[in-house]
Each structure stands twice: as C-alpha cells, then as structure tokens.
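Asks: My structure is in target34.txt, and what it holds is compact mmCIF, C-alpha atoms:
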```
# COMPACT_ATOMS: atom_id res chain seq x y z
CA ARG A 1 123.99 105.12 131.19
CA LYS A 2 127.27 105.43 133.00
CA ALA A 3 128.52 108.73 134.31
CA ALA A 4 132.09 109.83 134.89
CA GLN A 5 131.91 112.23 137.82
CA GLY A 6 135.28 113.98 137.49
CA LYS A 7 136.66 115.46 140.66
CA ASP A 8 133.68 114.40 142.77
CA SER A 9 134.60 110.72 142.29
CA GLY A 10 138.30 111.28 142.88
CA LEU A 11 139.26 110.19 139.36
CA THR A 12 141.87 111.96 137.28
CA VAL A 13 141.14 113.11 133.73
CA GLN A 14 143.29 110.25 132.43
CA GLU A 15 141.37 107.65 134.47
CA ILE A 16 138.03 109.03 133.26
CA ALA A 17 139.25 108.85 129.66
CA MET A 18 140.33 105.24 130.07
CA GLN A 19 136.94 104.31 131.54
CA LEU A 20 135.09 106.00 128.68
CA LEU A 21 137.28 104.30 126.09
CA SER A 22 136.61 100.88 127.58
CA ASN A 23 132.85 101.55 127.52
CA ILE A 24 132.65 102.63 123.87
CA GLY A 25 130.52 100.17 121.97
CA ASP A 26 128.71 98.81 125.02
CA GLU A 27 126.23 101.56 125.77
CA GLU A 28 125.70 105.28 125.69
CA VAL A 29 128.03 107.11 128.04
CA GLU A 30 127.20 110.41 129.69
CA ILE A 31 129.93 112.64 131.04
CA LYS A 32 128.80 114.92 133.81
CA PRO A 33 130.67 118.20 134.22
CA PRO A 34 133.21 118.26 137.03
CA ALA A 35 132.94 120.85 139.78
CA ARG A 36 134.13 124.26 138.68
CA GLN A 37 137.66 124.89 139.90
CA SER A 38 139.45 128.06 140.83
CA GLN A 39 142.32 129.24 138.67
CA ALA A 40 144.41 129.89 141.76
CA GLY A 41 147.49 127.69 141.76
CA ARG A 42 146.56 126.13 138.43
CA GLY A 43 148.01 126.62 134.98
CA GLY A 44 145.05 128.71 133.88
CA GLY A 45 141.87 127.90 131.98
CA ILE A 46 141.72 127.13 128.31
CA GLY A 47 138.40 128.79 127.75
CA PRO A 48 134.79 127.67 128.05
CA ALA A 49 133.81 124.31 126.62
CA ALA A 50 130.59 123.59 124.81
CA GLY A 51 127.96 121.46 126.50
CA GLY A 52 127.98 123.04 129.94
CA PHE A 53 131.42 121.86 131.05
CA GLY A 54 132.39 125.27 132.36
CA LYS A 55 136.12 126.01 132.18
CA LEU A 56 138.55 123.23 131.43
CA MET A 57 141.73 123.58 133.42
CA LEU A 58 145.26 122.72 132.43
CA PRO A 59 146.93 120.23 134.79
CA GLU A 60 148.64 121.44 137.93
CA GLY A 61 152.27 122.23 137.26
CA THR A 62 151.61 123.61 133.77
CA GLN A 63 153.93 126.48 132.85
CA ARG A 64 152.95 129.16 130.36
CA LYS A 65 155.40 131.58 128.79
CA GLN A 66 154.72 134.28 126.26
CA MET A 67 157.23 134.05 123.43
CA LYS A 68 157.70 136.30 120.42
CA GLY A 69 154.67 135.61 118.23
CA TYR A 70 153.36 132.65 120.21
CA GLU A 71 152.69 131.31 123.66
CA ARG A 72 154.61 128.30 124.96
CA VAL A 73 152.71 125.95 127.25
CA ASP A 74 154.61 123.17 129.04
CA VAL A 75 152.22 120.52 130.32
CA PRO A 76 153.61 117.95 132.78
CA ALA A 77 153.37 114.29 131.84
CA ALA A 78 150.27 112.47 133.01
CA PRO A 79 150.74 109.92 135.79
CA ALA A 80 151.28 106.35 134.69
CA PHE A 81 148.16 104.23 134.37
CA ASP A 82 147.68 102.34 137.63
CA GLU A 83 145.93 99.04 136.98
CA ALA A 84 145.49 98.51 140.73
CA LYS A 85 143.17 101.53 140.83
CA ASN A 86 141.57 100.83 137.45
CA PRO A 87 141.18 97.07 136.95
CA VAL A 88 141.20 96.07 133.29
CA LYS A 89 138.80 93.52 131.83
CA TYR A 90 141.20 91.71 129.55
CA ILE A 91 139.91 90.43 126.24
CA TYR A 92 140.97 86.83 125.59
CA ILE A 93 141.60 85.85 121.99
CA ASN A 94 139.03 83.05 122.21
CA GLU A 95 136.39 85.76 122.75
CA LEU A 96 136.97 87.04 119.20
CA PRO A 97 135.06 85.51 116.28
CA GLN A 98 136.75 82.27 115.27
CA TRP A 99 137.84 83.63 111.88
CA ALA A 100 139.57 86.59 113.57
CA GLN A 101 141.47 84.47 116.08
CA VAL A 102 143.93 83.29 113.41
CA ALA A 103 145.39 86.82 113.27
CA PHE A 104 146.49 86.46 116.90
CA LYS A 105 147.95 82.97 116.75
CA GLY A 106 150.12 82.30 119.79
CA THR A 107 148.56 85.15 121.80
CA GLU A 108 146.43 84.35 124.85
CA LYS A 109 144.87 87.75 125.43
CA LEU A 110 145.06 91.40 124.45
CA ASN A 111 147.12 93.63 126.71
CA ALA A 112 145.68 96.45 128.82
CA ILE A 113 145.50 99.23 126.19
CA GLN A 114 144.28 96.79 123.53
CA SER A 115 141.58 95.44 125.84
CA LEU A 116 140.46 98.96 126.77
CA SER A 117 140.31 99.89 123.08
CA TYR A 118 138.68 96.66 121.90
CA ASN A 119 135.05 97.80 121.76
CA ALA A 120 135.99 101.06 120.06
CA CYS A 121 138.14 99.49 117.33
CA PHE A 122 136.48 96.11 116.72
CA ASN A 123 132.81 96.79 117.42
CA ARG A 124 132.50 100.34 116.07
CA SER A 125 133.45 102.19 112.89
CA GLN A 126 133.93 105.72 114.25
CA ASN A 127 137.24 107.58 114.06
CA LEU A 128 139.66 106.61 116.80
CA LEU A 129 142.84 108.25 118.10
CA VAL A 130 145.13 106.19 120.33
CA THR A 131 148.33 107.64 121.78
CA ALA A 132 150.70 105.36 123.67
CA PRO A 133 154.45 104.81 124.01
CA THR A 134 156.48 102.69 121.62
CA GLY A 135 155.92 99.01 122.33
CA ALA A 136 152.54 99.56 123.98
CA GLY A 137 150.71 97.50 121.35
CA LYS A 138 149.25 100.08 118.96
CA THR A 139 149.91 97.88 115.91
CA ASN A 140 147.56 95.21 117.24
CA ILE A 141 144.94 97.91 117.82
CA ALA A 142 145.28 98.83 114.14
CA LEU A 143 145.00 95.13 113.30
CA LEU A 144 141.70 94.94 115.18
CA THR A 145 140.28 97.78 113.10
CA ILE A 146 141.41 95.99 109.92
CA LEU A 147 139.75 92.78 111.11
CA ARG A 148 136.51 94.68 111.67
CA LEU A 149 136.59 95.88 108.06
CA ILE A 150 137.37 92.36 106.83
CA GLY A 151 134.41 91.03 108.80
CA GLN A 152 132.14 93.58 107.13
CA HIS A 153 133.16 92.21 103.70
CA MET A 154 132.96 88.53 104.61
CA ASP A 155 130.15 86.35 103.28
CA ALA A 156 128.37 83.55 105.11
CA ALA A 157 130.82 80.98 103.77
CA GLY A 158 133.82 82.92 105.08
CA GLY A 159 134.86 84.32 101.71
CA ILE A 160 136.21 87.87 101.63
CA GLY A 161 135.24 90.32 98.90
CA ARG A 162 137.86 92.34 97.03
CA ASP A 163 135.93 95.60 96.96
CA PHE A 164 137.84 97.28 99.77
CA LYS A 165 141.38 98.32 100.69
CA VAL A 166 143.16 99.37 103.86
CA VAL A 167 145.99 101.92 103.84
CA TYR A 168 148.37 101.82 106.81
CA MET A 169 150.77 104.77 106.88
CA ALA A 170 154.08 104.70 108.75
CA PRO A 171 156.65 107.50 109.18
CA MET A 172 159.75 105.54 108.11
CA LYS A 173 160.49 103.12 105.26
CA ALA A 174 162.08 100.62 107.63
CA LEU A 175 158.92 100.61 109.72
CA VAL A 176 156.78 100.18 106.60
CA GLY A 177 158.66 96.98 105.74
CA GLU A 178 158.36 95.68 109.29
CA ILE A 179 154.63 96.34 109.49
CA ALA A 180 153.97 94.93 106.02
CA GLU A 181 155.73 91.69 106.95
CA LYS A 182 153.85 91.46 110.24
CA PHE A 183 150.45 92.08 108.65
CA GLN A 184 151.21 89.59 105.88
CA GLN A 185 151.92 86.88 108.45
CA ARG A 186 148.80 87.73 110.46
CA LEU A 187 146.37 88.14 107.56
CA ARG A 188 147.62 85.52 105.09
CA PRO A 189 145.36 82.80 106.61
CA LEU A 190 142.38 85.01 105.72
CA GLY A 191 143.50 85.36 102.11
CA VAL A 192 144.31 89.06 102.49
CA ILE A 193 147.11 90.43 100.30
CA VAL A 194 149.51 92.89 101.94
CA ALA A 195 151.80 95.02 99.76
CA GLU A 196 154.47 97.59 100.57
CA LEU A 197 154.53 100.97 98.83
CA THR A 198 157.35 103.45 99.50
CA GLY A 199 159.66 105.70 97.54
CA ASP A 200 161.87 102.66 96.91
CA MET A 201 159.15 100.14 96.20
CA SER A 202 156.38 100.71 93.69
CA LEU A 203 153.31 98.68 92.78
CA THR A 204 151.95 97.91 89.33
CA LYS A 205 148.39 98.78 88.41
CA LYS A 206 147.48 95.09 88.70
CA GLU A 207 149.00 94.88 92.17
CA LEU A 208 147.10 97.99 93.25
CA GLU A 209 143.86 96.46 91.99
CA GLN A 210 144.47 93.33 94.06
```
Could you write out this structure as structure tokens?

Replies:
Amino acid sequence: RKAAQGKDSGLTVQEIAMQLLSNIGDEEVEIKPPARQSQAGRGGGIGPAAGGFGKLMLPEGTQRKQMKGYERVDVPAAPAFDEAKNPVKYIYINELPQWAQVAFKGTEKLNAIQSLSYNACFNRSQNLLVTAPTGAGKTNIALLTILRLIGQHMDAAGGIGRDFKVVYMAPMKALVGEIAEKFQQRLRPLGVIVAELTGDMSLTKKELEQ
C-alpha cells in the first residue's frame, strides 16, 4: 500500500491527486487524513468528510460572498503541475499490446497527463473523470479507454466482435466531425467503424447496427 500523507509530506492536494491517479491499477492505495487545519486565514471549511478526513478546507485565497438566493465561492486556480517536483513515468507506445500500438502510429510516447492516466483508463473499467486544458491530450485518453473495450471483445486470433458500441459525445458539431475523422484514422486498422451522428447527419438503422 502507498499512502499520500497530505500536509505532513509537503505535497499539495493537486500533487497528491496526480500521484493517486498514476497509481490506479497497480495496487491498492490508502489515503491518510491530513493534519487538521485551523480555519483562520483560510476560505472556510466545506463540512466534515466521511472516512475520518476531518474538515476539508478550501484553498487559501478563496473568496466567499453571499448573494441573493445563493452563495458565490471564487476558488483560485491551482498551481501548474511541476514535473521537476513530480517526475512522470512516461508510457512508451511500444509498451502497449502490439494490436493497440497501431492506434498511435507515429507517436513515441504518451504525454504527461496521458501517462499518469494510463493505468486508470487502459487497465481498469471504473468511471474516470479527467479535467485538463484544451490541447492537453484528453482525446488520446478517451482513445485508450476505447482500446481497452476493444481488447475485451477481441478473440485469440485478433478478431473483434460486433456486440459492443462506444458513444463519444462532443459539445459542438464541428468538433464531432473532427473527432470522428481522427478516430476513423486511428481505429481503421483494427476494423472498427466510426460514424458521425449530429443534427445535420443521421444514420440508417443498418449503419447503427454496424
């Protein structure tokens, strides 16, 4: 078991979260409660947490303002991830199963956030929430989860069953087209059919069944 010690180890909440994410899939992780902190000079507690964590505190610099009918809480942005303080074990594409490597043709290795997320999205099937800026590489994280599902429906000869589907939702039609084209290029070598469905583009019953 690995333990994230919170304040006692000098790690920020963000750094602890990144460590836990990178460990998902390897072994059981235990989070020990951080030392109880005073509310003085802080943004205030957000109530007791289950599991003996005491009071969770909003980050320093948080501003709270009571508005009409609701409370507004402004939380300062988290510090940028510092790889010098938190070395990343990069995942090289040749470490993936050979059949999955074709989806990353021309790529040497996963980037930092993809490498940290690798065990969670390719070796596990639990729900996963990843938040990162535009261009950080979230699409490839989604691709890893799709490859995991493909692997679960692949027979010993490398054939892929047709008894499953993946739905990728995007907020804009232009983005849907871009992602559909990208996934088609990446997954075509595996025999996977990618189709676009928006308000402007419909699919026939036969196409949906494929």

Asks: What is the atom CA of Lys206 of chain A-atom CA of Ile141 of chain A distance in Å, reported with one decimal?

Replies: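 That distance, rounded to one decimal, is 29.4 Å.
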
Asks: I'd like the interatomic distance between atom CA of Glu207 of chain A and atom CA of Met169 of chain A, to a tenth of an Å.

Replies: 17.8 Å

Asks: Would you please work out which residue, of A:Lys109, A:Thr145, A:Leu116, A:Pro59, is nearest to Asn86 of chain A when using all atoms listed in the file?

Replies: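 The answer is A:Leu116, which sits nearest to Asn86 of chain A.
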
Asks: Please, what distance in Å, to one decimal, runs between atom CA of Lys173 of chain A and atom CA of Ala195 of chain A?

Replies: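 Straight-line distance from atom CA of Lys173 of chain A to atom CA of Ala195 of chain A works out to 13.1 Å.
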
Asks: Return the single residue from A:Lys205, A:Ile179, A:Asp200, A:Ile150 that is closest to Arg162 of chain A, with distances computed using all atoms listed in the file.

Replies: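 Selected residue with least distance to Arg162 of chain A: A:Ile150.
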
Asks: For the point (145.7, 82.5, 110.7) in the file's frame, write as an mmCIF file with C-alpha atoms, in the coordinates of the input all residues with an atom no more than 9 Å away, counting only C-alpha atoms.

Replies:
```cif
data_model
loop_
_atom_site.group_PDB
_atom_site.id
_atom_site.type_symbol
_atom_site.label_atom_id
_atom_site.label_comp_id
_atom_site.auth_asym_id
_atom_site.auth_seq_id
_atom_site.Cartn_x
_atom_site.Cartn_y
_atom_site.Cartn_z
ATOM 1 C CA TRP A 99 137.840 83.630 111.880
ATOM 2 C CA ALA A 100 139.570 86.590 113.570
ATOM 3 C CA GLN A 101 141.470 84.470 116.080
ATOM 4 C CA VAL A 102 143.930 83.290 113.410
ATOM 5 C CA ALA A 103 145.390 86.820 113.270
ATOM 6 C CA PHE A 104 146.490 86.460 116.900
ATOM 7 C CA LYS A 105 147.950 82.970 116.750
ATOM 8 C CA GLN A 185 151.920 86.880 108.450
ATOM 9 C CA ARG A 186 148.800 87.730 110.460
ATOM 10 C CA LEU A 187 146.370 88.140 107.560
ATOM 11 C CA ARG A 188 147.620 85.520 105.090
ATOM 12 C CA PRO A 189 145.360 82.800 106.610
ATOM 13 C CA LEU A 190 142.380 85.010 105.720
#
```

Asks: Between A:Gly161, A:Gly61, A:Gly199, A:Gly135, which one has atoms that come closest to Pro76 of chain A, using all atoms listed in the file?

Replies: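 Going through A:Gly161, A:Gly61, A:Gly199, A:Gly135 one by one, the smallest distance to Pro76 of chain A is for A:Gly61.
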
Asks: Tell me which of A:Ile91, A:Met67, A:Ala80, A:Leu197 sits closest to Asn111 of chain A, counting all atoms listed in the file.

Replies: A:Ile91

Asks: Pick out the closest residue to Leu96 of chain A from this set: A:Gly159, A:Gly191, A:Gly151, A:Pro171. Count all atoms listed in the file.

Replies: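 Ranked by minimum distance to Leu96 of chain A, first place goes to A:Gly151.
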
Asks: With distances taken over all atoms listed in the file, which of A:Gly69, A:Gly177, A:Pro79, A:Pro97 is nearest to Leu147 of chain A?

Replies: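 So, comparing all the options, the nearest one is A:Pro97.
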
Asks: Excluding Gln63 of chain A and residues on its chain fewer than 5 positions from it, collect all residues at most 9 Å away from it, counting all atoms listed in the file, and give them as a list of chain:residue names.

Replies: A:Gly43, A:Arg72, A:Val73, A:Asp74, A:Val75, A:Pro76

Asks: Can segment 66-77 of chain A be brought up to all heavy atoms and written out as an mmCIF file, in the coordinates of the input?

Replies:
```cif
data_model
loop_
_atom_site.group_PDB
_atom_site.id
_atom_site.type_symbol
_atom_site.label_atom_id
_atom_site.label_comp_id
_atom_site.auth_asym_id
_atom_site.auth_seq_id
_atom_site.Cartn_x
_atom_site.Cartn_y
_atom_site.Cartn_z
ATOM 1 N N GLN A 66 155.011 133.545 127.483
ATOM 2 C CA GLN A 66 154.720 134.280 126.260
ATOM 3 C C GLN A 66 156.013 134.495 125.480
ATOM 4 O O GLN A 66 156.951 135.120 125.950
ATOM 5 C CB GLN A 66 154.080 135.642 126.596
ATOM 6 C CG GLN A 66 153.430 136.310 125.404
ATOM 7 C CD GLN A 66 152.229 135.529 124.879
ATOM 8 O OE1 GLN A 66 151.438 135.011 125.656
ATOM 9 N NE2 GLN A 66 152.104 135.439 123.570
ATOM 10 N N MET A 67 156.063 133.920 124.291
ATOM 11 C CA MET A 67 157.230 134.050 123.430
ATOM 12 C C MET A 67 156.934 135.074 122.332
ATOM 13 O O MET A 67 155.816 135.570 122.229
ATOM 14 C CB MET A 67 157.604 132.697 122.827
ATOM 15 C CG MET A 67 157.660 131.556 123.840
ATOM 16 S SD MET A 67 158.964 131.728 125.066
ATOM 17 C CE MET A 67 160.396 131.304 124.065
ATOM 18 N N LYS A 68 157.906 135.354 121.495
ATOM 19 C CA LYS A 68 157.700 136.300 120.420
ATOM 20 C C LYS A 68 156.818 135.668 119.336
ATOM 21 O O LYS A 68 157.245 134.767 118.624
ATOM 22 C CB LYS A 68 159.044 136.722 119.819
ATOM 23 C CG LYS A 68 158.911 137.821 118.765
ATOM 24 C CD LYS A 68 160.269 138.267 118.261
ATOM 25 C CE LYS A 68 160.126 139.376 117.218
ATOM 26 N NZ LYS A 68 161.455 139.824 116.705
ATOM 27 N N GLY A 69 155.588 136.092 119.254
ATOM 28 C CA GLY A 69 154.670 135.610 118.230
ATOM 29 C C GLY A 69 153.870 134.378 118.623
ATOM 30 O O GLY A 69 153.025 133.924 117.858
ATOM 31 N N TYR A 70 154.131 133.821 119.782
ATOM 32 C CA TYR A 70 153.360 132.650 120.210
ATOM 33 C C TYR A 70 153.479 132.458 121.716
ATOM 34 O O TYR A 70 154.319 133.090 122.373
ATOM 35 C CB TYR A 70 153.845 131.382 119.482
ATOM 36 C CG TYR A 70 155.241 130.935 119.873
ATOM 37 C CD1 TYR A 70 155.447 129.972 120.862
ATOM 38 C CD2 TYR A 70 156.359 131.482 119.254
ATOM 39 C CE1 TYR A 70 156.721 129.567 121.222
ATOM 40 C CE2 TYR A 70 157.644 131.076 119.586
ATOM 41 C CZ TYR A 70 157.818 130.112 120.580
ATOM 42 O OH TYR A 70 159.086 129.723 120.929
ATOM 43 N N GLU A 71 152.637 131.639 122.247
ATOM 44 C CA GLU A 71 152.690 131.310 123.660
ATOM 45 C C GLU A 71 153.145 129.869 123.824
ATOM 46 O O GLU A 71 152.643 128.959 123.165
ATOM 47 C CB GLU A 71 151.306 131.468 124.312
ATOM 48 C CG GLU A 71 151.326 131.168 125.804
ATOM 49 C CD GLU A 71 149.942 131.261 126.437
ATOM 50 O OE1 GLU A 71 148.946 131.134 125.693
ATOM 51 O OE2 GLU A 71 149.860 131.444 127.663
ATOM 52 N N ARG A 72 154.105 129.650 124.689
ATOM 53 C CA ARG A 72 154.610 128.300 124.960
ATOM 54 C C ARG A 72 153.933 127.776 126.226
ATOM 55 O O ARG A 72 153.904 128.447 127.252
ATOM 56 C CB ARG A 72 156.114 128.320 125.141
ATOM 57 C CG ARG A 72 156.687 126.989 125.607
ATOM 58 C CD ARG A 72 158.196 127.014 125.602
ATOM 59 N NE ARG A 72 158.755 125.834 126.256
ATOM 60 C CZ ARG A 72 160.036 125.511 126.241
ATOM 61 N NH1 ARG A 72 160.904 126.293 125.610
ATOM 62 N NH2 ARG A 72 160.463 124.433 126.853
ATOM 63 N N VAL A 73 153.383 126.575 126.114
ATOM 64 C CA VAL A 73 152.710 125.950 127.250
ATOM 65 C C VAL A 73 153.364 124.600 127.498
ATOM 66 O O VAL A 73 153.336 123.715 126.644
ATOM 67 C CB VAL A 73 151.199 125.753 126.984
ATOM 68 C CG1 VAL A 73 150.528 125.119 128.202
ATOM 69 C CG2 VAL A 73 150.540 127.093 126.644
ATOM 70 N N ASP A 74 153.990 124.436 128.648
ATOM 71 C CA ASP A 74 154.610 123.170 129.040
ATOM 72 C C ASP A 74 153.686 122.444 129.991
ATOM 73 O O ASP A 74 153.446 122.907 131.112
ATOM 74 C CB ASP A 74 155.967 123.416 129.709
ATOM 75 C CG ASP A 74 156.996 124.003 128.740
ATOM 76 O OD1 ASP A 74 156.966 123.608 127.562
ATOM 77 O OD2 ASP A 74 157.803 124.845 129.179
ATOM 78 N N VAL A 75 153.164 121.309 129.517
ATOM 79 C CA VAL A 75 152.220 120.520 130.320
ATOM 80 C C VAL A 75 152.953 119.308 130.884
ATOM 81 O O VAL A 75 153.581 118.557 130.131
ATOM 82 C CB VAL A 75 151.027 120.061 129.465
ATOM 83 C CG1 VAL A 75 150.054 119.248 130.300
ATOM 84 C CG2 VAL A 75 150.320 121.269 128.849
ATOM 85 N N PRO A 76 152.913 119.098 132.193
ATOM 86 C CA PRO A 76 153.610 117.950 132.780
ATOM 87 C C PRO A 76 153.008 116.640 132.307
ATOM 88 O O PRO A 76 151.826 116.570 131.967
ATOM 89 C CB PRO A 76 153.408 118.148 134.289
ATOM 90 C CG PRO A 76 152.167 118.982 134.404
ATOM 91 C CD PRO A 76 152.184 119.890 133.201
ATOM 92 N N ALA A 77 153.836 115.606 132.274
ATOM 93 C CA ALA A 77 153.370 114.290 131.840
ATOM 94 C C ALA A 77 152.297 113.767 132.778
ATOM 95 O O ALA A 77 152.322 114.013 133.989
ATOM 96 C CB ALA A 77 154.547 113.319 131.789
#
```
